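Colleague: Here you go, entry_7.cif (mmCIF, C-alpha atoms and all ligand atoms):
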data_start
#
loop_
_atom_site.label_atom_id
_atom_site.label_comp_id
_atom_site.auth_asym_id
_atom_site.auth_seq_id
_atom_site.Cartn_x
_atom_site.Cartn_y
_atom_site.Cartn_z
CA MET A 688 0.00 0.00 0.00
CA THR A 689 1.48 3.34 -1.01
CA SER A 690 0.80 6.44 1.00
CA SER A 691 -1.00 8.11 -1.91
CA LYS A 692 -3.74 5.50 -1.61
CA ARG A 693 -4.52 6.31 1.99
CA VAL A 694 -7.68 8.24 2.58
CA VAL A 695 -8.85 10.42 5.43
CA GLU A 696 -11.79 8.24 6.31
CA THR A 697 -9.85 5.09 7.08
CA THR A 698 -6.68 6.52 8.63
CA PRO A 699 -6.40 6.47 12.43
CA GLN A 700 -6.63 10.05 13.60
CA ILE A 701 -6.93 12.20 16.65
CA SER A 702 -9.01 15.34 16.92
CA ILE A 703 -7.96 18.25 19.10
CA SER A 704 -11.44 18.27 20.61
CA SER A 705 -10.67 14.96 22.32
CA VAL A 706 -7.70 16.42 24.22
CA LYS A 707 -8.63 20.09 24.40
CA GLU A 708 -8.78 20.22 28.18
CA TYR A 709 -5.02 19.53 28.26
CA VAL A 710 -4.10 22.37 25.92
CA SER A 711 -2.96 25.59 27.55
CA HIS A 712 -0.72 28.54 26.77
CA ARG A 713 1.63 27.56 29.56
CA HIS A 714 2.01 23.93 28.60
CA PRO A 715 1.88 23.70 24.82
CA ILE A 716 3.50 20.25 24.67
CA ILE A 717 1.15 17.43 25.50
CA GLN A 718 1.80 13.72 25.69
CA LEU A 719 -0.31 11.23 23.82
CA ASN A 720 -0.01 7.48 23.84
CA LEU A 721 0.31 5.80 20.47
CA THR A 722 -0.98 2.26 20.60
CA SER A 723 0.53 -0.12 18.07
CA SER A 724 -1.42 -2.94 16.45
CA HIS A 725 0.21 -5.26 19.00
CA GLY A 726 -1.21 -3.15 21.78
CA ARG A 727 2.13 -1.66 22.79
CA GLN A 728 1.86 1.91 24.00
CA THR A 729 4.44 4.53 23.12
CA PRO A 730 4.43 8.03 24.58
CA TYR A 731 4.33 10.66 21.86
CA LEU A 732 4.71 14.40 22.34
CA VAL A 733 2.76 16.85 20.24
CA ASN A 734 2.94 20.61 20.12
CA THR A 735 -0.27 22.53 20.54
CA ALA A 736 -1.41 26.12 20.43
CA ARG A 737 -4.32 28.11 21.65
CA THR A 738 -5.62 31.08 19.69
CA GLU A 739 -8.10 33.72 20.61
CA CYS A 740 -11.24 33.29 18.59
CA TYR A 741 -12.25 36.30 16.64
CA PHE A 742 -15.64 36.43 18.32
CA GLY A 743 -14.47 35.57 21.81
CA GLY A 744 -13.14 32.55 23.66
CA SER A 745 -10.12 30.57 22.58
CA ARG A 746 -9.56 27.56 20.49
CA PRO A 747 -7.05 24.71 20.78
CA TRP A 748 -4.97 23.35 17.89
CA PHE A 749 -2.39 20.75 17.18
CA LYS A 750 0.77 21.95 15.48
CA CYS A 751 2.02 19.62 12.79
CA ILE A 752 5.60 18.57 13.51
CA LEU A 753 6.54 18.78 9.82
CA CYS A 754 4.95 21.95 8.50
CA ASN A 755 4.19 23.64 11.84
CA LYS A 756 0.70 24.53 10.65
CA ARG A 757 -2.15 24.62 13.12
CA VAL A 758 -4.64 21.88 12.48
CA GLY A 759 -7.62 20.33 14.20
CA VAL A 760 -6.80 16.73 13.33
CA LEU A 761 -3.59 14.70 13.19
CA TYR A 762 -3.26 11.40 11.35
CA LEU A 763 -1.20 8.38 12.22
CA ASN A 764 1.47 7.54 9.65
CA GLU A 765 1.77 4.11 8.13
CA ASP A 766 4.46 2.99 10.55
CA GLY A 767 2.23 3.99 13.41
CA ASN A 768 4.94 6.05 15.12
CA HIS A 769 4.17 9.64 14.06
CA LEU A 770 1.22 11.98 13.74
CA PHE A 771 1.10 14.45 10.86
CA CYS A 772 -1.45 16.85 9.41
CA ARG A 773 -3.57 15.80 6.46
CA GLU A 774 -1.34 17.51 3.91
CA CYS A 775 1.90 16.13 5.31
CA SER A 776 0.27 12.71 5.52
CA ASN A 777 -0.57 13.03 1.84
CA LEU A 778 -4.10 11.91 2.57
CA ARG A 779 -6.96 12.32 0.17
CA TYR A 780 -10.65 12.21 0.63
CA ARG A 781 -12.31 9.18 -0.77
CA SER A 782 -13.86 9.71 -4.21
CA GLN A 783 -17.05 11.71 -4.56
CA ALA A 784 -19.21 8.64 -4.74
CA VAL A 785 -18.64 7.29 -1.23
CA GLY A 786 -18.22 8.39 2.32
CA GLY A 787 -20.79 11.17 2.03
CA SER A 788 -21.34 12.50 5.51
CA ASN A 789 -17.83 11.77 6.77
CA ARG A 790 -16.35 13.62 3.83
CA MET A 791 -18.66 16.57 4.43
CA LEU A 792 -17.62 16.61 8.05
CA MET A 793 -13.97 16.83 7.05
CA ARG A 794 -14.77 19.65 4.65
CA TYR A 795 -16.46 21.42 7.50
CA PHE A 796 -13.32 21.09 9.65
CA ASP A 797 -11.23 22.42 6.76
CA ALA A 798 -13.45 25.45 6.20
CA ASP A 799 -13.48 26.12 9.92
CA GLU A 800 -9.70 25.94 10.13
CA ARG A 801 -9.27 28.22 7.14
CA ALA A 802 -11.59 30.79 8.69
CA GLU A 803 -9.63 30.82 11.95
CA ALA A 804 -6.33 31.03 10.05
CA VAL A 805 -7.28 34.19 8.16
CA PHE A 806 -6.28 36.49 11.00
CA GLU A 807 -3.33 34.39 12.08
CA GLY A 808 -0.20 36.40 12.79
CA SER A 809 -1.81 39.81 12.51
CA GLN A 810 -1.26 41.92 15.57
CA LYS A 811 -4.25 44.07 15.03
CA VAL A 812 -7.35 42.70 13.44
CA LYS A 813 -8.83 45.22 11.08
CA ILE A 814 -12.25 44.39 9.73
CA TRP A 815 -13.46 47.70 8.36
CA HIS A 816 -11.77 50.09 6.00
CA LYS A 817 -13.54 53.32 5.02
CA GLY A 818 -16.91 51.81 5.82
CA ASN A 819 -16.29 48.60 3.89
CA PRO A 820 -15.23 45.18 5.14
CA THR A 821 -11.52 44.54 4.54
CA ARG A 822 -10.45 41.83 2.12
CA ARG A 823 -9.29 39.72 5.04
CA PHE A 824 -12.58 40.03 6.78
CA LYS A 825 -14.45 39.10 3.61
CA LYS A 826 -12.26 36.04 3.29
CA PHE A 827 -12.95 35.16 6.90
CA LEU A 828 -16.69 35.51 6.33
CA LYS A 829 -16.53 33.39 3.21
CA TYR A 830 -14.93 30.47 5.04
CA ARG A 831 -17.12 31.03 8.06
CA GLN A 832 -20.26 30.85 5.94
CA GLN A 833 -18.94 27.79 4.16
CA ALA A 834 -18.35 26.12 7.52
CA GLU A 835 -21.75 27.09 8.79
CA ARG A 836 -23.47 25.81 5.69
CA LEU A 837 -21.69 22.50 6.07
CA SER A 838 -22.34 22.31 9.79
CA ARG A 839 -26.08 22.58 9.15
CA LEU A 840 -25.86 19.25 7.37
CA PHE A 841 -24.95 17.62 10.67
CA THR A 842 -27.19 19.41 13.08
CA ASN A 843 -30.54 18.62 11.50
ZN ZN A 901 1.90 19.16 8.27
#
Once you've parsed the file, please lay out its structure as structure tokens.

Modeller:
Amino acid sequence: MTSSKRVVETTPQISISSVKEYVSHRHPIIQLNLTSSHGRQTPYLVNTARTECYFGGSRPWFKCILCNKRVGVLYLNEDGNHLFCRECSNLRYRSQAVGGSNRMLMRYFDADERAEAVFEGSQKVKIWHKGNPTRRFKKFLKYRQQAERLSRLFTN
């Protein structure tokens, strides 16, 4: 099996929401236990981050060890000894025909992550310019709306 054939839906993965109570500004490194197919447990350290949400509160993230991007989900590699983001794992979504709701859920996570990343790194968030929304803010809203549209598919 080559890595290009692996798909999101069938790859062991961990979502930040399952460990979010351990993520803090003071202790960004958290320890997970990777369990091999033989049941052997190996401690594994991952870097995390917390960002202020644009509309209040804060949000936890994993930081991918390879690209350092903030992501909501990490995927186990084929050897079962590392966790990488979807891009670094070279994972694809299963073809259009199958995996409907799971695929939509992943697209929701992606849109949500993109929305939160729009203001990443900017010291001062500027959303209005001469009475009009800034390009950044429009981008944020676009992803936000995309995420909300997708999330409605799961809440009905
Ligand atoms: Zn990565």

Colleague: Extract, using all atoms listed in the file, all DNA, RNA and protein residues at most 12 Å from Thr729 of chain A, discarding same-chain residues fewer than 3 positions from it, and format them as a list in words.

Modeller: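 Near Thr729 of chain A, the qualifying residues are Gln718, Leu719, Asn720, Leu721, Thr722, Ser723, Ser724, His725, Gly726, Leu732, Gly767, Asn768 and His769 of chain A.
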
Colleague: For Cys754 of chain A, please output as a list in words all residues within 12 Å (counting all atoms listed in the file; exclusion window: fewer than 6 positions along the same chain).

Modeller: Asn734, Leu770, Phe771, Cys772, Arg773, Glu774, Cys775 and Ser776 of chain A

Colleague: Those residues with C-alpha atoms, as a PDB file, in the coordinates of the input please?

Modeller:
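For reference, out-v3.pdb as written:
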ATOM      1  CA  ASN A 734       2.940  20.610  20.120  1.00  0.00           C
ATOM      2  CA  LEU A 770       1.220  11.980  13.740  1.00  0.00           C
ATOM      3  CA  PHE A 771       1.100  14.450  10.860  1.00  0.00           C
ATOM      4  CA  CYS A 772      -1.450  16.850   9.410  1.00  0.00           C
ATOM      5  CA  ARG A 773      -3.570  15.800   6.460  1.00  0.00           C
ATOM      6  CA  GLU A 774      -1.340  17.510   3.910  1.00  0.00           C
ATOM      7  CA  CYS A 775       1.900  16.130   5.310  1.00  0.00           C
ATOM      8  CA  SER A 776       0.270  12.710   5.520  1.00  0.00           C
TER       9      SER A 776
END

Colleague: Find the residue from A:Ala798, A:Val695, A:Leu753, A:Leu763 that sits nearest to ligand ZN 901 (chain A); use all atoms listed in the file when measuring.

Modeller: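 Answer, going by the shortest atom-to-atom distance: A:Leu753.
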
Colleague: Interatomic distance between atom CA of Lys756 of chain A and atom CA of Ala736 of chain A?

Modeller: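 Atom-to-atom, atom CA of Lys756 of chain A and atom CA of Ala736 of chain A are spaced 10.1 Å apart.
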
Colleague: For the atom pair atom CA of Glu765 of chain A and atom CA of Lys750 of chain A, what is the interatomic distance in Å to one decimal place?

Modeller: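 Separation between atom CA of Glu765 of chain A and atom CA of Lys750 of chain A: 19.3 Å.
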
Colleague: Could you tell me how far atom CA of Asn764 of chain A lies from atom CA of Ala802 of chain A, in Å and to one decimal?

Modeller: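 So the answer is 26.7 Å.
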
Colleague: A:Phe749, A:Phe742, A:Tyr780, A:Tyr731: which is nearest ligand ZN 901 (chain A), counting all atoms listed in the file?

Modeller: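 Among the listed residues, A:Phe749 lies closest to ligand ZN 901 (chain A).
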
Colleague: If I wrap all listed atoms of segment 744-757 of chain A in a box with edges along x, y and z and add 3 Å on each side, what are its centre and edge lengths in Å to one decimal, as JSON?

Modeller:
{"center_x": -3.3, "center_y": 25.6, "center_z": 16.1, "size_x": 25.7, "size_y": 20.0, "size_z": 21.2}

Colleague: With a distance cut-off of 8 Å and all atoms listed in the file, select the neighbouring residues of segment 709-713 of chain A, excluding the residue or stretch itself and same-chain residues fewer than 5 positions from it, and output the selection as a list of chain:residue names.

Modeller: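 Contacts, in chain order: A:Thr735, A:Ala736, A:Arg737, A:Pro747.
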
Colleague: When you count only C-alpha atoms and all ligand atoms, which of these residues is closest to ligand ZN 901 (chain A): A:Thr821, A:Tyr762, A:Glu800, A:Asn755?

Modeller: A:Asn755

Colleague: Of the candidates A:Gly759, A:Asp799, A:Arg794, A:Asp766, which shows the shortest atom-to-atom distance to ligand ZN 901 (chain A), using all atoms listed in the file?

Modeller: A:Gly759

Colleague: Give the answer as one residue: which of A:Gln832, A:Asn777, A:Thr697, A:Ser702 has the shortest atom-to-atom distance to ligand ZN 901 (chain A), using only C-alpha atoms and all ligand atoms?

Modeller: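 Smallest separation from ligand ZN 901 (chain A) among the options: A:Asn777.
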
Colleague: Looking at A:Gln728, A:Ser838, A:Thr698, A:Asn819, which one is nearest to Met791 of chain A, with distances taken over all atoms listed in the file?

Modeller: A:Ser838

Colleague: Write out as a list in words the residues lying within 12 Å of Glu739 of chain A, counting only C-alpha atoms and excluding same-chain residues fewer than 3 positions away.

Modeller: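 Residues near the query, excluding close chain neighbours: Ser711, His712, Ala736, Phe742, Gly743, Gly744, Ser745, Arg746, Pro747, Trp748, Glu803, Ala804, Phe806, Glu807, Gly808, Ser809, Gln810 and Val812 of chain A.
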